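Engineer: Once you've had a glance at the structure underneath, I'll fire off some questions.
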Amino acid sequence: MLRSALLYVALPLALGVASADVWRLDVPLLTAVLTAQAPWVVLPFLVCLRVHGLVHGALVGCLFGLLAMTGYFGWEWLAYDAHAALSQMEGGRGLFWFAGATAAGGVSGALGAASGHPPARAPRWLPGFGWAWASIVLLAEAAYQLRQLAFLDDRTVVAGGAFVLVAVAVVLAAVGVRRSGVRLFAVAFVLALVAGSAGFALMLWAEHTFAYVPL
């Protein structure tokens, strides 16, 4: 019971709080990593590896995303003031943030459940697909951050954060290879490359289209 509470409730709330206030610790590299988008996708995947059933995994993932966003805005309300939180939710933007985090968590949770406990008649590459997809999401964000270096002042910190994401991506890919074998993971990686890259691009497009302008 305690472990479930920590994984399914405390962890997402902590992610939201850390994303909102990690800058106070004055550790630039940690700030670069925790303010990235990828942890909001990869963590629910990892949490749901112990969940049985795609639907159950999707529901747990949705809850993860919802609680993480609640932690983010709730902490801004408590640590600063109501205006700090509400100003980011005006014009329908709050609906986008909560809906986006919930949807991303649901997809991640379903993939986590499929990788941890694949259905009996699932394709043989399915257990490796989630690991490949999580790895590709990390690599996509690292590439996106590195692409922004020319427009940033603190390039060393951003580059360091990107390389941390790459390192985590390599670890996840290695786990996927170990669990499914090299050939099947290669198949899963190719499929996940298309799905993960498209999903990350869609997330960035939606964020810049809806999150920073009134709906």
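Chain lettering (A, B, ...) mirrors the order of the structure tokens, residue numbering begins at 1 for each chain separately, and ligand numbering begins at 1 in order of display.
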Taking the DSSP assignment computed from this structure's backbone, write out as number ranges by chain all residues of range 42-153 of chain A that belong to helix (DSSP H, G or I).

Structural biologist: A: 42-50, 54-79, 82-86, 90-116, 126-147, 149-151

Engineer: Taking 5 positions as the minimum chain separation for residues in the same chain, which residues sit within 12 Å of range 9-20 of chain A when counting only C-alpha atoms? Answer as an NGL selection string.

Structural biologist: :A and (1-4 or 25 or 30-47 or 60-80 or 84-85 or 97-98 or 101-102 or 105)

Engineer: Enter the distance from CA of Leu7 in chain A to CA of Ala174 in chain A, in Å, rounded to one decimal.

Structural biologist: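 If I compute the distance from CA of Leu7 in chain A to CA of Ala174 in chain A, I get 23.3 Å.
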
Engineer: With only C-alpha atoms as the counted atoms, please give the residues lying no more than 12 Å from Val177 in chain A, apart from itself and same-chain residues fewer than 6 positions off, as a PyMOL selection string.

Structural biologist: chain A and resi 125+127-132+135+170-171+183-189

Engineer: Just write the chosen residues, all heavy atoms, as a tab-separated table (two decimals), in the first residue's frame.

Structural biologist:
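Heads up, here's the output in again.tsv:
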chain	number	residue	atom	x	y	z
A	125	TRP	N	7.50	-8.16	-30.66
A	125	TRP	CA	8.29	-6.96	-30.48
A	125	TRP	C	7.67	-5.99	-29.48
A	125	TRP	O	8.30	-5.00	-29.09
A	125	TRP	CB	8.47	-6.23	-31.82
A	125	TRP	CG	7.20	-6.01	-32.59
A	125	TRP	CD1	6.73	-6.77	-33.61
A	125	TRP	CD2	6.23	-4.97	-32.38
A	125	TRP	NE1	5.53	-6.28	-34.07
A	125	TRP	CE2	5.20	-5.18	-33.33
A	125	TRP	CE3	6.12	-3.90	-31.51
A	125	TRP	CZ2	4.09	-4.34	-33.42
A	125	TRP	CZ3	5.02	-3.06	-31.57
A	125	TRP	CH2	4.02	-3.28	-32.52
A	127	PRO	N	7.01	-5.98	-26.15
A	127	PRO	CA	7.70	-5.65	-24.89
A	127	PRO	C	8.83	-4.64	-25.05
A	127	PRO	O	9.10	-3.84	-24.15
A	127	PRO	CB	8.22	-7.01	-24.42
A	127	PRO	CG	7.28	-8.00	-25.02
A	127	PRO	CD	6.95	-7.43	-26.37
A	128	GLY	N	9.50	-4.67	-26.20
A	128	GLY	CA	10.59	-3.72	-26.43
A	128	GLY	C	10.13	-2.38	-26.96
A	128	GLY	O	10.89	-1.40	-26.92
A	129	PHE	N	8.87	-2.32	-27.43
A	129	PHE	CA	8.39	-1.08	-28.06
A	129	PHE	C	8.36	0.07	-27.07
A	129	PHE	O	8.78	1.19	-27.39
A	129	PHE	CB	7.00	-1.31	-28.65
A	129	PHE	CG	6.43	-0.09	-29.32
A	129	PHE	CD1	6.79	0.23	-30.62
A	129	PHE	CD2	5.56	0.75	-28.65
A	129	PHE	CE1	6.27	1.35	-31.25
A	129	PHE	CE2	5.04	1.88	-29.26
A	129	PHE	CZ	5.40	2.18	-30.56
A	130	GLY	N	7.84	-0.18	-25.87
A	130	GLY	CA	7.74	0.90	-24.88
A	130	GLY	C	9.10	1.44	-24.49
A	130	GLY	O	9.29	2.65	-24.35
A	131	TRP	N	10.07	0.52	-24.31
A	131	TRP	CA	11.42	0.95	-23.96
A	131	TRP	C	12.03	1.78	-25.09
A	131	TRP	O	12.68	2.81	-24.84
A	131	TRP	CB	12.30	-0.26	-23.66
A	131	TRP	CG	11.87	-1.01	-22.45
A	131	TRP	CD1	11.13	-2.15	-22.40
A	131	TRP	CD2	12.16	-0.67	-21.08
A	131	TRP	NE1	10.93	-2.54	-21.10
A	131	TRP	CE2	11.56	-1.65	-20.27
A	131	TRP	CE3	12.88	0.36	-20.48
A	131	TRP	CZ2	11.64	-1.62	-18.88
A	131	TRP	CZ3	12.97	0.39	-19.10
A	131	TRP	CH2	12.36	-0.59	-18.31
A	132	ALA	N	11.83	1.33	-26.32
A	132	ALA	CA	12.35	2.08	-27.47
A	132	ALA	C	11.67	3.44	-27.57
A	132	ALA	O	12.32	4.46	-27.82
A	132	ALA	CB	12.12	1.27	-28.75
A	135	SER	N	12.94	5.82	-24.93
A	135	SER	CA	14.29	6.23	-25.30
A	135	SER	C	14.27	7.28	-26.40
A	135	SER	O	15.00	8.28	-26.36
A	135	SER	CB	15.09	5.00	-25.76
A	135	SER	OG	16.38	5.36	-26.19
A	170	VAL	N	20.00	5.92	-23.44
A	170	VAL	CA	20.85	4.75	-23.72
A	170	VAL	C	20.57	3.64	-22.71
A	170	VAL	O	20.49	2.46	-23.07
A	170	VAL	CB	22.33	5.16	-23.69
A	170	VAL	CG1	23.23	3.92	-23.75
A	170	VAL	CG2	22.65	6.09	-24.85
A	171	VAL	N	20.41	4.02	-21.44
A	171	VAL	CA	20.11	3.02	-20.41
A	171	VAL	C	18.78	2.33	-20.71
A	171	VAL	O	18.66	1.10	-20.63
A	171	VAL	CB	20.07	3.68	-19.02
A	171	VAL	CG1	19.56	2.69	-17.97
A	171	VAL	CG2	21.46	4.17	-18.63
A	183	ARG	N	17.29	-8.36	-32.16
A	183	ARG	CA	16.51	-8.30	-33.41
A	183	ARG	C	15.12	-7.73	-33.18
A	183	ARG	O	14.68	-6.84	-33.91
A	183	ARG	CB	16.41	-9.69	-34.03
A	183	ARG	CG	15.78	-9.70	-35.43
A	183	ARG	CD	15.79	-11.08	-36.03
A	183	ARG	NE	14.94	-11.99	-35.29
A	183	ARG	CZ	13.61	-12.09	-35.48
A	183	ARG	NH1	13.02	-11.32	-36.39
A	183	ARG	NH2	12.90	-12.95	-34.80
A	184	LEU	N	14.43	-8.24	-32.16
A	184	LEU	CA	13.09	-7.75	-31.90
A	184	LEU	C	13.11	-6.30	-31.41
A	184	LEU	O	12.20	-5.52	-31.74
A	184	LEU	CB	12.40	-8.64	-30.85
A	184	LEU	CG	12.01	-10.03	-31.33
A	184	LEU	CD1	11.43	-10.85	-30.19
A	184	LEU	CD2	11.00	-9.95	-32.47
A	185	PHE	N	14.14	-5.93	-30.66
A	185	PHE	CA	14.22	-4.54	-30.21
A	185	PHE	C	14.47	-3.62	-31.40
A	185	PHE	O	13.97	-2.50	-31.43
A	185	PHE	CB	15.32	-4.36	-29.17
A	185	PHE	CG	15.39	-2.96	-28.64
A	185	PHE	CD1	14.48	-2.52	-27.68
A	185	PHE	CD2	16.35	-2.07	-29.10
A	185	PHE	CE1	14.52	-1.22	-27.20
A	185	PHE	CE2	16.41	-0.77	-28.63
A	185	PHE	CZ	15.49	-0.34	-27.67
A	186	ALA	N	15.25	-4.09	-32.38
A	186	ALA	CA	15.50	-3.28	-33.57
A	186	ALA	C	14.19	-3.00	-34.31
A	186	ALA	O	13.95	-1.88	-34.78
A	186	ALA	CB	16.49	-3.98	-34.49
A	187	VAL	N	13.34	-4.02	-34.42
A	187	VAL	CA	12.03	-3.83	-35.05
A	187	VAL	C	11.21	-2.83	-34.25
A	187	VAL	O	10.61	-1.89	-34.81
A	187	VAL	CB	11.28	-5.18	-35.15
A	187	VAL	CG1	9.86	-4.95	-35.67
A	187	VAL	CG2	12.04	-6.13	-36.06
A	188	ALA	N	11.18	-3.01	-32.92
A	188	ALA	CA	10.43	-2.11	-32.05
A	188	ALA	C	10.97	-0.69	-32.14
A	188	ALA	O	10.21	0.28	-32.14
A	188	ALA	CB	10.48	-2.61	-30.60
A	189	PHE	N	12.29	-0.56	-32.25
A	189	PHE	CA	12.91	0.77	-32.30
A	189	PHE	C	12.50	1.52	-33.56
A	189	PHE	O	12.22	2.72	-33.51
A	189	PHE	CB	14.43	0.64	-32.22
A	189	PHE	CG	15.13	1.94	-31.98
A	189	PHE	CD1	15.35	2.40	-30.69
A	189	PHE	CD2	15.58	2.72	-33.05
A	189	PHE	CE1	15.99	3.60	-30.46
A	189	PHE	CE2	16.21	3.93	-32.83
A	189	PHE	CZ	16.43	4.37	-31.53

Engineer: What is the CA of Trp133 in chain A to CA of Gly160 in chain A distance in Å?

Structural biologist: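 According to the coordinates, CA of Trp133 in chain A and CA of Gly160 in chain A are separated by 22.2 Å.
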
Engineer: Report, in Å to a single decimal, how far apart CA of Gly161 in chain A and CA of Gly181 in chain A are.

Structural biologist: 29.5 Å

Engineer: Find the residues around Met203 in chain A up to 12 Å (only C-alpha atoms counted), leave out those fewer than 5 positions away in its own chain, and share them as JSON, numbers by chain.

Structural biologist: {"A": [37, 38, 40, 41, 96, 97, 99, 100, 101, 103, 104, 137, 140, 141, 196, 197, 198, 208, 209, 210, 211]}

Engineer: For the selection you just gave me, I'd like the residues written to a file as a CSV table (one decimal), in the first residue's frame, keeping N, CA, C and O atoms.

Structural biologist:
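Just written: result_30.csv:
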chain,number,residue,atom,x,y,z
A,37,GLN,N,10.5,18.3,-20.9
A,37,GLN,CA,9.2,17.7,-21.1
A,37,GLN,C,9.3,16.2,-20.9
A,37,GLN,O,8.3,15.6,-20.4
A,38,ALA,N,10.4,15.6,-21.2
A,38,ALA,CA,10.6,14.1,-21.2
A,38,ALA,C,10.2,13.4,-19.9
A,38,ALA,O,9.6,12.4,-19.9
A,40,TRP,N,7.9,14.0,-17.9
A,40,TRP,CA,6.5,13.8,-17.7
A,40,TRP,C,5.9,12.7,-18.6
A,40,TRP,O,4.8,12.2,-18.4
A,41,VAL,N,6.8,12.2,-19.5
A,41,VAL,CA,6.4,11.1,-20.4
A,41,VAL,C,7.0,9.8,-19.9
A,41,VAL,O,6.4,8.7,-19.9
A,96,PHE,N,-5.5,23.2,-21.6
A,96,PHE,CA,-4.6,22.5,-22.4
A,96,PHE,C,-3.5,21.8,-21.6
A,96,PHE,O,-3.2,20.6,-21.9
A,97,TRP,N,-3.0,22.4,-20.6
A,97,TRP,CA,-1.9,21.8,-19.8
A,97,TRP,C,-2.4,20.5,-19.1
A,97,TRP,O,-1.7,19.5,-19.1
A,99,ALA,N,-5.1,18.7,-19.9
A,99,ALA,CA,-5.5,17.7,-20.9
A,99,ALA,C,-4.3,17.0,-21.5
A,99,ALA,O,-4.2,15.8,-21.7
A,100,GLY,N,-3.3,17.9,-21.8
A,100,GLY,CA,-2.0,17.3,-22.4
A,100,GLY,C,-1.3,16.4,-21.5
A,100,GLY,O,-0.8,15.3,-21.9
A,101,ALA,N,-1.1,16.8,-20.2
A,101,ALA,CA,-0.4,15.9,-19.3
A,101,ALA,C,-1.2,14.6,-19.0
A,101,ALA,O,-0.6,13.6,-18.9
A,103,ALA,N,-3.3,13.1,-21.2
A,103,ALA,CA,-3.2,12.3,-22.4
A,103,ALA,C,-1.8,11.6,-22.5
A,103,ALA,O,-1.7,10.4,-22.8
A,104,ALA,N,-0.8,12.4,-22.3
A,104,ALA,CA,0.6,11.9,-22.4
A,104,ALA,C,0.8,10.8,-21.4
A,104,ALA,O,1.4,9.8,-21.6
A,137,VAL,N,11.8,9.4,-27.2
A,137,VAL,CA,11.3,10.6,-26.6
A,137,VAL,C,12.4,11.4,-26.0
A,137,VAL,O,12.6,12.7,-26.2
A,140,ALA,N,14.7,12.7,-28.7
A,140,ALA,CA,14.1,13.8,-29.5
A,140,ALA,C,14.2,15.1,-28.7
A,140,ALA,O,14.5,16.2,-29.3
A,141,GLU,N,13.9,15.0,-27.4
A,141,GLU,CA,14.0,16.3,-26.6
A,141,GLU,C,15.5,16.8,-26.5
A,141,GLU,O,15.7,18.0,-26.5
A,196,GLY,N,7.3,7.8,-31.7
A,196,GLY,CA,7.8,8.7,-30.7
A,196,GLY,C,8.2,10.1,-31.3
A,196,GLY,O,7.9,11.1,-30.7
A,197,SER,N,8.8,10.1,-32.4
A,197,SER,CA,9.2,11.4,-33.0
A,197,SER,C,8.0,12.2,-33.4
A,197,SER,O,7.9,13.4,-33.2
A,198,ALA,N,7.0,11.5,-34.0
A,198,ALA,CA,5.8,12.2,-34.4
A,198,ALA,C,5.0,12.7,-33.1
A,198,ALA,O,4.5,13.8,-33.1
A,208,HIS,N,3.2,25.1,-28.5
A,208,HIS,CA,3.4,26.5,-29.0
A,208,HIS,C,2.2,27.1,-29.6
A,208,HIS,O,2.1,28.3,-29.8
A,209,THR,N,1.2,26.2,-30.0
A,209,THR,CA,0.0,26.7,-30.7
A,209,THR,C,-1.0,27.1,-29.7
A,209,THR,O,-1.7,28.1,-29.8
A,210,PHE,N,-1.2,26.3,-28.6
A,210,PHE,CA,-2.3,26.5,-27.7
A,210,PHE,C,-1.9,27.0,-26.3
A,210,PHE,O,-2.6,27.6,-25.6
A,211,ALA,N,-0.7,26.6,-25.8
A,211,ALA,CA,-0.3,26.8,-24.4
A,211,ALA,C,0.1,28.2,-24.1
A,211,ALA,O,-0.1,28.6,-23.0

Engineer: Extract, using only C-alpha atoms, all DNA, RNA and protein residues at most 9 Å from Gly53 in chain A, discarding same-chain residues fewer than 4 positions from it, and format them as a list in words.

Structural biologist: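 So, after excluding close chain neighbours, the residues are Gly57, Ala58, Ala110, Ala113, Ala114, His117, Pro118 and Pro119 of chain A.
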
Engineer: Compile the contact shell of range 162-169 of chain A as a list of chain:residue names: residues with an atom at most 7 Å away, counting only C-alpha atoms, same-chain residues fewer than 3 positions apart removed.

Structural biologist: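 Non-adjacent residues within range: A:Ser135, A:Leu138, A:Leu139, A:Ala142, A:Gln145, A:Leu146, A:Val158, A:Ala159, A:Leu172, A:Ala173.
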